[in-house]
file data31.txt (compact mmCIF, N, CA and C atoms)
# COMPACT_ATOMS: atom_id res chain seq x y z
N MET K 1 -40.65 9.12 -25.22
CA MET K 1 -40.48 7.83 -25.86
C MET K 1 -39.38 7.02 -25.17
N LYS K 2 -38.36 7.74 -24.64
CA LYS K 2 -37.29 7.02 -23.96
C LYS K 2 -37.80 6.37 -22.68
N GLN K 3 -38.64 7.09 -21.94
CA GLN K 3 -39.19 6.55 -20.71
C GLN K 3 -40.10 5.37 -20.99
N ALA K 4 -40.74 5.38 -22.12
CA ALA K 4 -41.63 4.28 -22.47
C ALA K 4 -40.86 3.08 -23.00
N GLY K 5 -39.58 3.27 -23.36
CA GLY K 5 -38.77 2.17 -23.84
C GLY K 5 -38.78 2.04 -25.35
N GLU K 6 -39.34 3.03 -26.05
CA GLU K 6 -39.38 2.97 -27.49
C GLU K 6 -38.07 3.41 -28.12
N LEU K 7 -37.25 4.20 -27.39
CA LEU K 7 -35.95 4.63 -27.86
C LEU K 7 -34.88 4.27 -26.83
N VAL K 8 -33.70 3.94 -27.33
CA VAL K 8 -32.58 3.57 -26.45
C VAL K 8 -31.39 4.45 -26.83
N LEU K 9 -30.70 4.98 -25.82
CA LEU K 9 -29.51 5.78 -26.06
C LEU K 9 -28.32 4.84 -26.19
N TYR K 10 -27.67 4.84 -27.37
CA TYR K 10 -26.54 3.97 -27.62
C TYR K 10 -25.46 4.79 -28.31
N LYS K 11 -24.30 4.96 -27.68
CA LYS K 11 -23.18 5.75 -28.20
C LYS K 11 -23.63 7.15 -28.59
N ASN K 12 -24.33 7.81 -27.68
CA ASN K 12 -24.84 9.17 -27.86
C ASN K 12 -25.82 9.30 -29.02
N ASN K 13 -26.45 8.23 -29.42
CA ASN K 13 -27.47 8.25 -30.46
C ASN K 13 -28.71 7.54 -29.94
N TYR K 14 -29.86 8.09 -30.24
CA TYR K 14 -31.11 7.42 -29.90
C TYR K 14 -31.48 6.50 -31.05
N ILE K 15 -31.70 5.22 -30.73
CA ILE K 15 -32.10 4.26 -31.76
C ILE K 15 -33.27 3.45 -31.23
N LYS K 16 -33.99 2.82 -32.17
CA LYS K 16 -35.06 1.92 -31.77
C LYS K 16 -34.42 0.60 -31.35
N PRO K 17 -34.84 0.04 -30.23
CA PRO K 17 -34.22 -1.22 -29.78
C PRO K 17 -34.64 -2.39 -30.67
N ASP K 18 -33.66 -3.28 -30.91
CA ASP K 18 -33.93 -4.49 -31.68
C ASP K 18 -34.60 -5.49 -30.75
N PRO K 19 -35.76 -6.02 -31.11
CA PRO K 19 -36.44 -6.96 -30.20
C PRO K 19 -35.68 -8.26 -30.01
N ASN K 20 -34.82 -8.66 -30.98
CA ASN K 20 -34.10 -9.92 -30.87
C ASN K 20 -32.71 -9.77 -30.24
N ALA K 21 -32.28 -8.52 -29.99
CA ALA K 21 -30.94 -8.29 -29.44
C ALA K 21 -30.88 -8.68 -27.96
N PRO K 22 -29.76 -9.25 -27.52
CA PRO K 22 -29.63 -9.57 -26.09
C PRO K 22 -29.50 -8.29 -25.28
N PRO K 23 -29.84 -8.32 -24.02
CA PRO K 23 -29.72 -7.10 -23.19
C PRO K 23 -28.26 -6.70 -23.05
N ARG K 24 -28.03 -5.39 -23.00
CA ARG K 24 -26.66 -4.87 -22.92
C ARG K 24 -26.09 -5.10 -21.53
N ARG K 25 -24.81 -5.43 -21.50
CA ARG K 25 -24.13 -5.66 -20.24
C ARG K 25 -23.74 -4.33 -19.63
N GLY K 26 -23.73 -4.24 -18.32
CA GLY K 26 -23.36 -3.00 -17.64
C GLY K 26 -21.87 -2.76 -17.68
N ARG K 27 -21.44 -1.63 -17.14
CA ARG K 27 -20.03 -1.27 -17.14
C ARG K 27 -19.29 -2.01 -16.04
N GLY K 28 -18.00 -2.18 -16.23
CA GLY K 28 -17.15 -2.77 -15.20
C GLY K 28 -17.11 -4.28 -15.28
N ARG K 29 -16.34 -4.85 -14.37
CA ARG K 29 -16.17 -6.29 -14.33
C ARG K 29 -17.39 -6.92 -13.69
N PRO K 30 -17.91 -8.00 -14.28
CA PRO K 30 -19.08 -8.63 -13.68
C PRO K 30 -18.71 -9.31 -12.36
N PRO K 31 -19.63 -9.39 -11.43
CA PRO K 31 -19.32 -10.01 -10.14
C PRO K 31 -19.08 -11.51 -10.29
N LYS K 32 -18.29 -12.06 -9.37
CA LYS K 32 -18.03 -13.49 -9.39
C LYS K 32 -19.30 -14.25 -9.05
N THR K 33 -19.44 -15.41 -9.66
CA THR K 33 -20.60 -16.24 -9.33
C THR K 33 -20.29 -16.97 -8.04
N LYS K 34 -21.27 -17.05 -7.18
CA LYS K 34 -21.09 -17.71 -5.90
C LYS K 34 -21.57 -19.15 -6.03
N THR K 35 -20.70 -20.07 -5.65
CA THR K 35 -21.09 -21.47 -5.69
C THR K 35 -21.73 -21.82 -4.36
N SER K 36 -22.85 -22.45 -4.42
CA SER K 36 -23.53 -22.82 -3.19
C SER K 36 -23.21 -24.27 -2.85
N LEU K 37 -23.09 -24.55 -1.57
CA LEU K 37 -22.78 -25.91 -1.12
C LEU K 37 -24.00 -26.82 -1.22
N SER K 38 -25.18 -26.23 -1.29
CA SER K 38 -26.39 -27.05 -1.32
C SER K 38 -26.61 -27.69 -2.69
N SER K 39 -25.97 -27.15 -3.76
CA SER K 39 -26.19 -27.70 -5.09
C SER K 39 -25.39 -28.98 -5.32
N ALA K 40 -24.26 -29.17 -4.62
CA ALA K 40 -23.43 -30.36 -4.80
C ALA K 40 -23.81 -31.40 -3.75
N PRO K 41 -23.59 -32.65 -4.07
CA PRO K 41 -23.87 -33.70 -3.07
C PRO K 41 -22.94 -33.55 -1.86
N ALA K 42 -23.45 -33.88 -0.69
CA ALA K 42 -22.72 -33.67 0.56
C ALA K 42 -21.52 -34.60 0.67
N SER K 43 -21.54 -35.78 0.04
CA SER K 43 -20.44 -36.71 0.18
C SER K 43 -19.22 -36.28 -0.64
N ASP K 44 -19.41 -35.49 -1.70
CA ASP K 44 -18.30 -35.08 -2.55
C ASP K 44 -17.63 -33.79 -2.08
N VAL K 45 -18.27 -33.04 -1.20
CA VAL K 45 -17.77 -31.73 -0.81
C VAL K 45 -16.91 -31.84 0.44
N VAL K 46 -15.69 -31.31 0.36
CA VAL K 46 -14.81 -31.25 1.52
C VAL K 46 -14.70 -29.78 1.90
N VAL K 47 -15.19 -29.45 3.07
CA VAL K 47 -15.19 -28.06 3.51
C VAL K 47 -13.98 -27.85 4.41
N SER K 48 -13.10 -26.93 4.00
CA SER K 48 -11.94 -26.63 4.82
C SER K 48 -12.26 -25.43 5.70
N PRO K 49 -11.64 -25.34 6.87
CA PRO K 49 -11.91 -24.18 7.73
C PRO K 49 -11.39 -22.91 7.07
N PRO K 50 -11.95 -21.78 7.39
CA PRO K 50 -11.48 -20.53 6.78
C PRO K 50 -10.04 -20.26 7.18
N ARG K 51 -9.28 -19.67 6.25
CA ARG K 51 -7.88 -19.40 6.52
C ARG K 51 -7.76 -18.27 7.53
N SER K 52 -6.77 -18.41 8.43
CA SER K 52 -6.56 -17.37 9.42
C SER K 52 -5.83 -16.21 8.78
N ARG K 53 -5.97 -15.06 9.37
CA ARG K 53 -5.34 -13.86 8.83
C ARG K 53 -3.94 -13.71 9.39
N GLY K 54 -3.06 -13.10 8.64
CA GLY K 54 -1.72 -12.79 9.13
C GLY K 54 -0.72 -13.88 8.80
N ARG K 55 0.47 -13.69 9.30
CA ARG K 55 1.56 -14.62 9.04
C ARG K 55 1.38 -15.86 9.91
N PRO K 56 1.58 -17.05 9.33
CA PRO K 56 1.42 -18.26 10.14
C PRO K 56 2.57 -18.38 11.14
N PRO K 57 2.32 -19.00 12.28
CA PRO K 57 3.39 -19.13 13.29
C PRO K 57 4.46 -20.10 12.80
N LYS K 58 5.70 -19.88 13.29
CA LYS K 58 6.79 -20.77 12.92
C LYS K 58 6.60 -22.11 13.61
N VAL K 59 6.92 -23.15 12.86
CA VAL K 59 6.83 -24.49 13.43
C VAL K 59 8.25 -24.91 13.79
N GLY K 60 8.49 -25.16 15.08
CA GLY K 60 9.82 -25.52 15.53
C GLY K 60 10.11 -26.99 15.33
N ASP K 61 11.39 -27.31 15.17
CA ASP K 61 11.81 -28.69 15.03
C ASP K 61 11.83 -29.32 16.42
N PRO K 62 11.11 -30.43 16.64
CA PRO K 62 11.10 -31.00 18.01
C PRO K 62 12.45 -31.57 18.43
N ASP K 63 13.32 -31.93 17.46
CA ASP K 63 14.62 -32.50 17.81
C ASP K 63 15.68 -31.42 18.01
N ALA K 64 15.39 -30.18 17.69
CA ALA K 64 16.36 -29.10 17.79
C ALA K 64 16.59 -28.75 19.26
N PRO K 65 17.80 -28.26 19.61
CA PRO K 65 18.06 -27.86 21.00
C PRO K 65 17.25 -26.61 21.36
N ALA K 66 17.10 -26.39 22.66
CA ALA K 66 16.31 -25.25 23.13
C ALA K 66 16.99 -23.96 22.71
N PRO K 67 16.23 -22.96 22.33
CA PRO K 67 16.84 -21.70 21.90
C PRO K 67 17.51 -20.98 23.07
N GLU K 68 18.59 -20.27 22.74
CA GLU K 68 19.31 -19.52 23.77
C GLU K 68 18.52 -18.26 24.11
N ASP K 69 18.80 -17.74 25.31
CA ASP K 69 18.15 -16.51 25.71
C ASP K 69 18.66 -15.37 24.84
N LYS K 70 17.75 -14.59 24.32
CA LYS K 70 18.14 -13.46 23.48
C LYS K 70 18.19 -12.21 24.36
N THR K 71 19.34 -12.01 24.98
CA THR K 71 19.51 -10.81 25.79
C THR K 71 20.18 -9.76 24.93
N LYS K 72 19.98 -8.51 25.28
CA LYS K 72 20.56 -7.43 24.51
C LYS K 72 22.06 -7.38 24.78
N ARG K 73 22.80 -7.51 23.70
CA ARG K 73 24.25 -7.41 23.80
C ARG K 73 24.67 -6.10 23.16
N PRO K 74 25.66 -5.43 23.73
CA PRO K 74 26.10 -4.18 23.09
C PRO K 74 26.72 -4.50 21.74
N SER K 75 26.43 -3.65 20.78
CA SER K 75 26.97 -3.89 19.44
C SER K 75 28.46 -3.58 19.43
N VAL K 76 29.11 -4.04 18.40
CA VAL K 76 30.56 -3.92 18.32
C VAL K 76 30.96 -2.45 18.25
N SER K 77 30.24 -1.64 17.48
CA SER K 77 30.64 -0.25 17.32
C SER K 77 30.10 0.64 18.44
N GLY K 78 29.19 0.14 19.26
CA GLY K 78 28.66 0.93 20.36
C GLY K 78 27.46 1.77 19.95
N ARG K 79 27.10 1.77 18.67
CA ARG K 79 25.94 2.55 18.22
C ARG K 79 24.72 1.66 18.09
N LYS K 80 23.55 2.29 18.12
CA LYS K 80 22.32 1.55 17.91
C LYS K 80 22.13 1.31 16.43
N ARG K 81 21.29 0.34 16.10
CA ARG K 81 21.01 0.05 14.71
C ARG K 81 20.07 1.08 14.12
N GLY K 82 20.14 1.26 12.81
CA GLY K 82 19.21 2.13 12.11
C GLY K 82 19.69 3.57 12.01
N ARG K 83 18.79 4.41 11.57
CA ARG K 83 19.12 5.82 11.36
C ARG K 83 19.24 6.52 12.70
N PRO K 84 20.26 7.35 12.89
CA PRO K 84 20.42 8.02 14.19
C PRO K 84 19.31 9.05 14.42
N LYS K 85 19.00 9.27 15.67
CA LYS K 85 17.97 10.24 16.04
C LYS K 85 18.43 11.64 15.73
N LYS K 86 17.49 12.50 15.37
CA LYS K 86 17.81 13.88 15.06
C LYS K 86 17.94 14.63 16.37
N SER K 87 19.10 15.22 16.60
CA SER K 87 19.30 15.94 17.86
C SER K 87 18.68 17.33 17.73
N GLU K 88 18.16 17.82 18.83
CA GLU K 88 17.45 19.10 18.82
C GLU K 88 18.40 20.28 18.63
N SER K 89 19.53 20.26 19.35
CA SER K 89 20.41 21.43 19.28
C SER K 89 21.70 21.11 18.55
N GLY K 90 21.77 20.00 17.92
CA GLY K 90 23.04 19.57 17.37
C GLY K 90 23.38 20.15 16.02
N GLY K 91 24.61 20.56 15.88
CA GLY K 91 25.18 20.89 14.60
C GLY K 91 24.58 22.08 13.89
N ARG K 92 23.92 21.84 12.82
CA ARG K 92 23.48 22.91 11.93
C ARG K 92 22.00 23.22 12.13
N GLY K 93 21.66 24.43 11.75
CA GLY K 93 20.26 24.83 11.77
C GLY K 93 19.63 24.59 10.41
N ARG K 94 18.45 25.12 10.22
CA ARG K 94 17.76 24.95 8.96
C ARG K 94 18.22 25.99 7.95
N GLY K 95 18.20 25.61 6.69
CA GLY K 95 18.47 26.55 5.62
C GLY K 95 19.94 26.82 5.38
N ARG K 96 20.17 27.81 4.55
CA ARG K 96 21.54 28.18 4.19
C ARG K 96 22.16 28.99 5.32
N PRO K 97 23.39 28.68 5.69
CA PRO K 97 24.01 29.44 6.78
C PRO K 97 24.30 30.87 6.34
N PRO K 98 24.30 31.81 7.29
CA PRO K 98 24.57 33.21 6.92
C PRO K 98 26.02 33.39 6.48
N LYS K 99 26.22 34.40 5.65
CA LYS K 99 27.55 34.67 5.15
C LYS K 99 28.41 35.20 6.30
N GLU K 100 29.61 34.67 6.39
CA GLU K 100 30.48 35.10 7.48
C GLU K 100 31.08 36.46 7.15
N LYS K 101 31.04 37.35 8.13
CA LYS K 101 31.60 38.69 7.93
C LYS K 101 33.08 38.63 8.25
N PRO K 102 33.90 39.31 7.46
CA PRO K 102 35.34 39.30 7.77
C PRO K 102 35.60 40.03 9.09
N ALA K 103 36.53 39.49 9.86
CA ALA K 103 36.85 40.11 11.15
C ALA K 103 37.57 41.43 10.89
N PRO K 104 37.22 42.48 11.68
CA PRO K 104 37.91 43.76 11.46
C PRO K 104 39.37 43.64 11.88
N THR K 105 40.23 44.12 11.01
CA THR K 105 41.66 44.02 11.30
C THR K 105 42.15 45.38 11.77
N ALA K 106 43.08 45.37 12.72
CA ALA K 106 43.63 46.62 13.24
C ALA K 106 44.69 47.11 12.26
N THR K 107 44.52 48.31 11.80
CA THR K 107 45.51 48.88 10.89
C THR K 107 46.45 49.78 11.70
N ALA K 108 47.64 49.56 11.51
CA ALA K 108 48.63 50.38 12.22
C ALA K 108 48.90 51.63 11.41
N GLU K 109 48.66 52.77 12.07
CA GLU K 109 48.93 54.02 11.35
C GLU K 109 50.38 54.41 11.63
N VAL K 110 51.00 54.65 10.58
CA VAL K 110 52.40 55.04 10.70
C VAL K 110 52.46 56.56 10.72
N GLY K 111 52.91 57.11 11.83
CA GLY K 111 52.97 58.55 11.96
C GLY K 111 54.34 59.09 11.54
N ALA K 112 54.36 60.27 11.11
CA ALA K 112 55.61 60.85 10.62
C ALA K 112 56.51 61.07 11.75
call {"tool": "encode", "arguments": {"input": "data31.txt", "output": "structure tokens"}}
result
Amino acid sequence: MKQAGELVLYKNNYIKPDPNAPPRRGRGRPPKTKTSLSSAPASDVVVSPPRSRGRPPKVGDPDAPAPEDKTKRPSVSGRKRGRPKKSESGGRGRGRPPKEKPAPTATAEVGA
């Protein structure tokens, strides 16, 4: 009967469909309606070019002086910017350091 359309599954119950009921909407957000350019008069429609992707280029001031050459200057502290590189053999190893053993001390035996 379900395949014939005589029964409809609604909230885990089979019921007879109401002939006057509107069709049920599907799950999820409905798709956007696409507006066609052919439906509007051509004189009223202003078509803009598609937007380019990415960040727009900077527009320079024509009255501004020419930019100076950006050469690499050494920083004041002498270090590079950012997080320092991890050195391969530097400093500490991985994990907890081993417990240091006390150095053997020479005991002086006092002879009679």
call {"tool": "atom_distance", "arguments": {"input": "data31.txt", "atom1": "atom N of Leu7 of chain K", "atom2": "atom N of Arg27 of chain K"}}
result
19.7 Å
call {"tool": "atom_distance", "arguments": {"input": "data31.txt", "atom1": "atom CA of Val59 of chain K", "atom2": "atom CA of Gly82 of chain K"}}
result
29.4 Å
call {"tool": "atom_distance", "arguments": {"input": "data31.txt", "atom1": "atom CA of Thr35 of chain K", "atom2": "atom CA of Pro50 of chain K"}}
result
15.8 Å
call {"tool": "residues_around", "arguments": {"input": "data31.txt", "residues": "Met1 of chain K", "least_positions_apart": "2", "cutoff": "12 Å", "atoms": "only C-alpha atoms", "output": "ChimeraX atom specification"}}
result
/K:3-9,14-17
